[in-house]
Amino acid sequence: MNKRAWWVCAALLLGCLCAPAQAAAPDKAAGTYVPADEDWLPSSLVLLPSGQFEWFIKGSGARTVRGDWTRGRGRIVLRAAAGGEAPAYRQLPYASGRFMAADRYDEAMMTVAVLAAGRMGVAGTEALLEDDQGRQVEAEATRTPGYLIAWQPKAWGAWRKVGLRLAGSGQAWQWFEVDAAGRTERAAGFELSNADAVQPLFRQAELEIQADGGLTMPKPALRFRCAPCCATANWTVR
């Protein structure tokens with residue numbers, strides 16, 4: 001996917017006007033906010049009077065961010081809930097072309113993909129690769145969130161295992177056997193089934209309150225891989 005398509009998709013998901021689905025009093029920001037363009041994929045932000053929020057975001061998959069919100073100086077600040085649970089990785093069967101990254105066809109390169117629902121890459125995982133002789137090499141994160149690559153050392157044997165854990169956590173590695181197809185294609189894919197809890201799309205976001213009660217996020221900073229999508233960014237009040 002080209003950079004222009006990625007930024008168009010990013011702007012559509014988080015960077016444009018969110019119109020209130022129902023009118024709210026000027027002194028109350030609580031309510032449900034949705035993009036009014038019916039041709040666009042569904043997304044909704046719910047600000048509860050209790051101070052909690054739920055943001056459902058639809059891209060090449062569906063993700064939900066939950067946490068607390070506060071209001072001040074014309075802004076709404078969203079803070080994602082801190083997840084205390086362990087990451088739940090699940091190995092995915094190899095499918096041709098599914099786990100591809102830059103320079104995929106370099107014969108010395110091995111690819112590890114960590115995905116959420118659908119095909120959305122999830123950043124923030126460390127990967128350790130091991131061959132049949134117990135030799136190990138660390139994978140490096142690429143610019144595409146959720147995709148890591150490692151180059152085979154000169155003495156590398158047959159790729160046998162992948163260890164995964166959250167980056168910087170110091171947790172014990174979760175080990176998985178690489179199947180025959182993965183070894184042949186030098187690619188292994190995994191799903192982080194509780195990604196919304198342990199690796200939300202954002203940790204904190206600031207939304208500007210508009211005169212009509214809508215909200216905007218001026219500088220979106222996404223932490224996921226997004227598929228190409230519709231190129232219109234014209235959102236209107238429903």
# chains A, B, ... in the order shown; residues from 1 in each chain; ligands from 1
call {"tool": "select_by_dssp", "arguments": {"residues": "range 29-210 of chain A", "states": "alpha helix (DSSP H)", "output": "list in words"}}
result
Ala180, Ala181, Gly182, Arg183, Thr184, Glu185, Ala195, Asp196, Ala197 and Val198 of chain A
call {"tool": "write_last_selection", "arguments": {"atoms": "N, CA and C atoms", "output": "PDB file, in the first residue's frame"}}
result
ATOM      1  N   ALA A 180       5.954 -26.472   8.345  1.00  0.00           N
ATOM      2  CA  ALA A 180       6.757 -26.701   7.142  1.00  0.00           C
ATOM      3  C   ALA A 180       6.568 -25.591   6.111  1.00  0.00           C
ATOM      4  N   ALA A 181       5.304 -25.158   5.928  1.00  0.00           N
ATOM      5  CA  ALA A 181       5.039 -24.095   4.949  1.00  0.00           C
ATOM      6  C   ALA A 181       5.704 -22.801   5.384  1.00  0.00           C
ATOM      7  N   GLY A 182       5.668 -22.505   6.673  1.00  0.00           N
ATOM      8  CA  GLY A 182       6.313 -21.295   7.176  1.00  0.00           C
ATOM      9  C   GLY A 182       7.808 -21.325   6.988  1.00  0.00           C
ATOM     10  N   ARG A 183       8.424 -22.491   7.201  1.00  0.00           N
ATOM     11  CA  ARG A 183       9.872 -22.608   6.998  1.00  0.00           C
ATOM     12  C   ARG A 183      10.227 -22.407   5.529  1.00  0.00           C
ATOM     13  N   THR A 184       9.421 -22.997   4.649  1.00  0.00           N
ATOM     14  CA  THR A 184       9.693 -22.878   3.213  1.00  0.00           C
ATOM     15  C   THR A 184       9.563 -21.436   2.739  1.00  0.00           C
ATOM     16  N   GLU A 185       8.512 -20.765   3.197  1.00  0.00           N
ATOM     17  CA  GLU A 185       8.251 -19.391   2.765  1.00  0.00           C
ATOM     18  C   GLU A 185       8.927 -18.354   3.650  1.00  0.00           C
ATOM     19  N   ALA A 195      -5.765  -8.052  21.721  1.00  0.00           N
ATOM     20  CA  ALA A 195      -5.031  -6.828  21.361  1.00  0.00           C
ATOM     21  C   ALA A 195      -5.677  -5.572  21.935  1.00  0.00           C
ATOM     22  N   ASP A 196      -7.010  -5.513  21.941  1.00  0.00           N
ATOM     23  CA  ASP A 196      -7.683  -4.316  22.446  1.00  0.00           C
ATOM     24  C   ASP A 196      -7.334  -4.044  23.906  1.00  0.00           C
ATOM     25  N   ALA A 197      -7.072  -5.104  24.669  1.00  0.00           N
ATOM     26  CA  ALA A 197      -6.766  -4.938  26.091  1.00  0.00           C
ATOM     27  C   ALA A 197      -5.291  -4.661  26.346  1.00  0.00           C
ATOM     28  N   VAL A 198      -4.406  -5.344  25.617  1.00  0.00           N
ATOM     29  CA  VAL A 198      -2.973  -5.232  25.930  1.00  0.00           C
ATOM     30  C   VAL A 198      -2.220  -4.279  25.011  1.00  0.00           C
TER      31      VAL A 198
END
call {"tool": "residues_around", "arguments": {"residues": "Arg66 in chain A", "least_positions_apart": "3", "cutoff": "6 Å", "atoms": "only C-alpha atoms", "output": "list in words"}}
result
Phe53, Glu54 and Ala80 of chain A
call {"tool": "residues_around", "arguments": {"residues": "Pro153 in chain A", "least_positions_apart": "6", "cutoff": "10 Å", "atoms": "only C-alpha atoms", "output": "VMD selection string"}}
result
chain A and resid 108 to 109 135 to 137
call {"tool": "residues_around", "arguments": {"residues": "range 162-177 of chain A", "least_positions_apart": "4", "cutoff": "6 Å", "atoms": "only C-alpha atoms", "output": "ChimeraX atom specification"}}
result
/A:124-129
call {"tool": "closest_residue", "arguments": {"among": "A:Leu201, A:Ala150, A:Ala88, A:Ala211", "to": "Thr64 in chain A", "atoms": "only C-alpha atoms"}}
result
A:Leu201
call {"tool": "residues_around", "arguments": {"residues": "Ser193 in chain A", "least_positions_apart": "3", "cutoff": "9 Å", "atoms": "only C-alpha atoms", "output": "MDAnalysis selection string"}}
result
chainID A and resid 87:90 115:117 196
call {"tool": "residues_around", "arguments": {"residues": "Gln91 in chain A", "least_positions_apart": "3", "cutoff": "8 Å", "atoms": "only C-alpha atoms", "output": "PDB file with N, CA and C atoms, in the first residue's frame"}}
result
ATOM      1  N   PHE A 176       6.389 -20.918  19.828  1.00  0.00           N
ATOM      2  CA  PHE A 176       5.560 -21.591  18.836  1.00  0.00           C
ATOM      3  C   PHE A 176       6.458 -22.294  17.824  1.00  0.00           C
ATOM      4  N   ALA A 188       5.947 -16.388   9.317  1.00  0.00           N
ATOM      5  CA  ALA A 188       5.063 -16.942  10.340  1.00  0.00           C
ATOM      6  C   ALA A 188       4.124 -15.846  10.810  1.00  0.00           C
ATOM      7  N   GLY A 189       2.845 -16.187  10.954  1.00  0.00           N
ATOM      8  CA  GLY A 189       1.855 -15.202  11.354  1.00  0.00           C
ATOM      9  C   GLY A 189       1.156 -15.596  12.641  1.00  0.00           C
ATOM     10  N   PHE A 190       0.779 -14.574  13.417  1.00  0.00           N
ATOM     11  CA  PHE A 190       0.134 -14.805  14.701  1.00  0.00           C
ATOM     12  C   PHE A 190      -0.976 -13.787  14.905  1.00  0.00           C
ATOM     13  N   GLU A 191      -1.965 -14.176  15.668  1.00  0.00           N
ATOM     14  CA  GLU A 191      -3.032 -13.256  16.053  1.00  0.00           C
ATOM     15  C   GLU A 191      -2.904 -12.942  17.539  1.00  0.00           C
TER      16      GLU A 191
END
call {"tool": "closest_residue", "arguments": {"among": "A:Arg73, A:Lys161, A:Arg203, A:Lys28", "to": "Gly51 in chain A", "atoms": "only C-alpha atoms"}}
result
A:Lys28
call {"tool": "residues_around", "arguments": {"residues": "Pro49 in chain A", "least_positions_apart": "3", "cutoff": "10 Å", "atoms": "only C-alpha atoms", "output": "list in words"}}
result
Lys28, Ala29, Ala30, Gly31, Val46, Gln52, Phe53 and Trp69 of chain A
call {"tool": "write_last_selection", "arguments": {"atoms": "N, CA and C atoms", "output": "mmCIF file, in the first residue's frame"}}
result
data_model
loop_
_atom_site.group_PDB
_atom_site.id
_atom_site.type_symbol
_atom_site.label_atom_id
_atom_site.label_comp_id
_atom_site.auth_asym_id
_atom_site.auth_seq_id
_atom_site.Cartn_x
_atom_site.Cartn_y
_atom_site.Cartn_z
ATOM 1 N N LYS A 28 -22.314 19.835 28.139
ATOM 2 C CA LYS A 28 -22.168 18.390 28.272
ATOM 3 C C LYS A 28 -21.584 17.805 26.993
ATOM 4 N N ALA A 29 -20.438 17.144 27.139
ATOM 5 C CA ALA A 29 -19.819 16.497 25.984
ATOM 6 C C ALA A 29 -20.204 15.031 25.891
ATOM 7 N N ALA A 30 -20.806 14.484 26.952
ATOM 8 C CA ALA A 30 -21.176 13.071 26.942
ATOM 9 C C ALA A 30 -22.187 12.806 25.832
ATOM 10 N N GLY A 31 -22.029 11.683 25.187
ATOM 11 C CA GLY A 31 -22.933 11.317 24.110
ATOM 12 C C GLY A 31 -22.251 10.380 23.144
ATOM 13 N N VAL A 46 -18.263 6.699 22.027
ATOM 14 C CA VAL A 46 -19.259 6.902 23.068
ATOM 15 C C VAL A 46 -18.569 7.471 24.297
ATOM 16 N N GLN A 52 -16.190 7.381 31.363
ATOM 17 C CA GLN A 52 -15.576 6.329 30.575
ATOM 18 C C GLN A 52 -15.953 6.500 29.107
ATOM 19 N N PHE A 53 -15.112 5.932 28.213
ATOM 20 C CA PHE A 53 -15.414 6.014 26.789
ATOM 21 C C PHE A 53 -15.211 4.653 26.140
ATOM 22 N N TRP A 69 -12.255 9.444 30.041
ATOM 23 C CA TRP A 69 -12.160 10.720 29.351
ATOM 24 C C TRP A 69 -12.378 11.866 30.321
#
call {"tool": "closest_residue", "arguments": {"among": "A:Val34, A:Met110, A:Val122, A:Ala81", "to": "Arg63 in chain A", "atoms": "only C-alpha atoms"}}
result
A:Val122
call {"tool": "atom_distance", "arguments": {"atom1": "CA of Ser44 in chain A", "atom2": "CA of Leu207 in chain A"}}
result
13.9 Å
call {"tool": "atom_distance", "arguments": {"atom1": "CA of Ala187 in chain A", "atom2": "CA of Thr111 in chain A"}}
result
4.6 Å
call {"tool": "select_by_dssp", "arguments": {"residues": "range 26-95 of chain A", "states": "strand (DSSP E)", "output": "VMD selection string"}}
result
chain A and resid 31 to 34 44 to 47 52 to 58 62 to 72 75 to 80 89 to 92
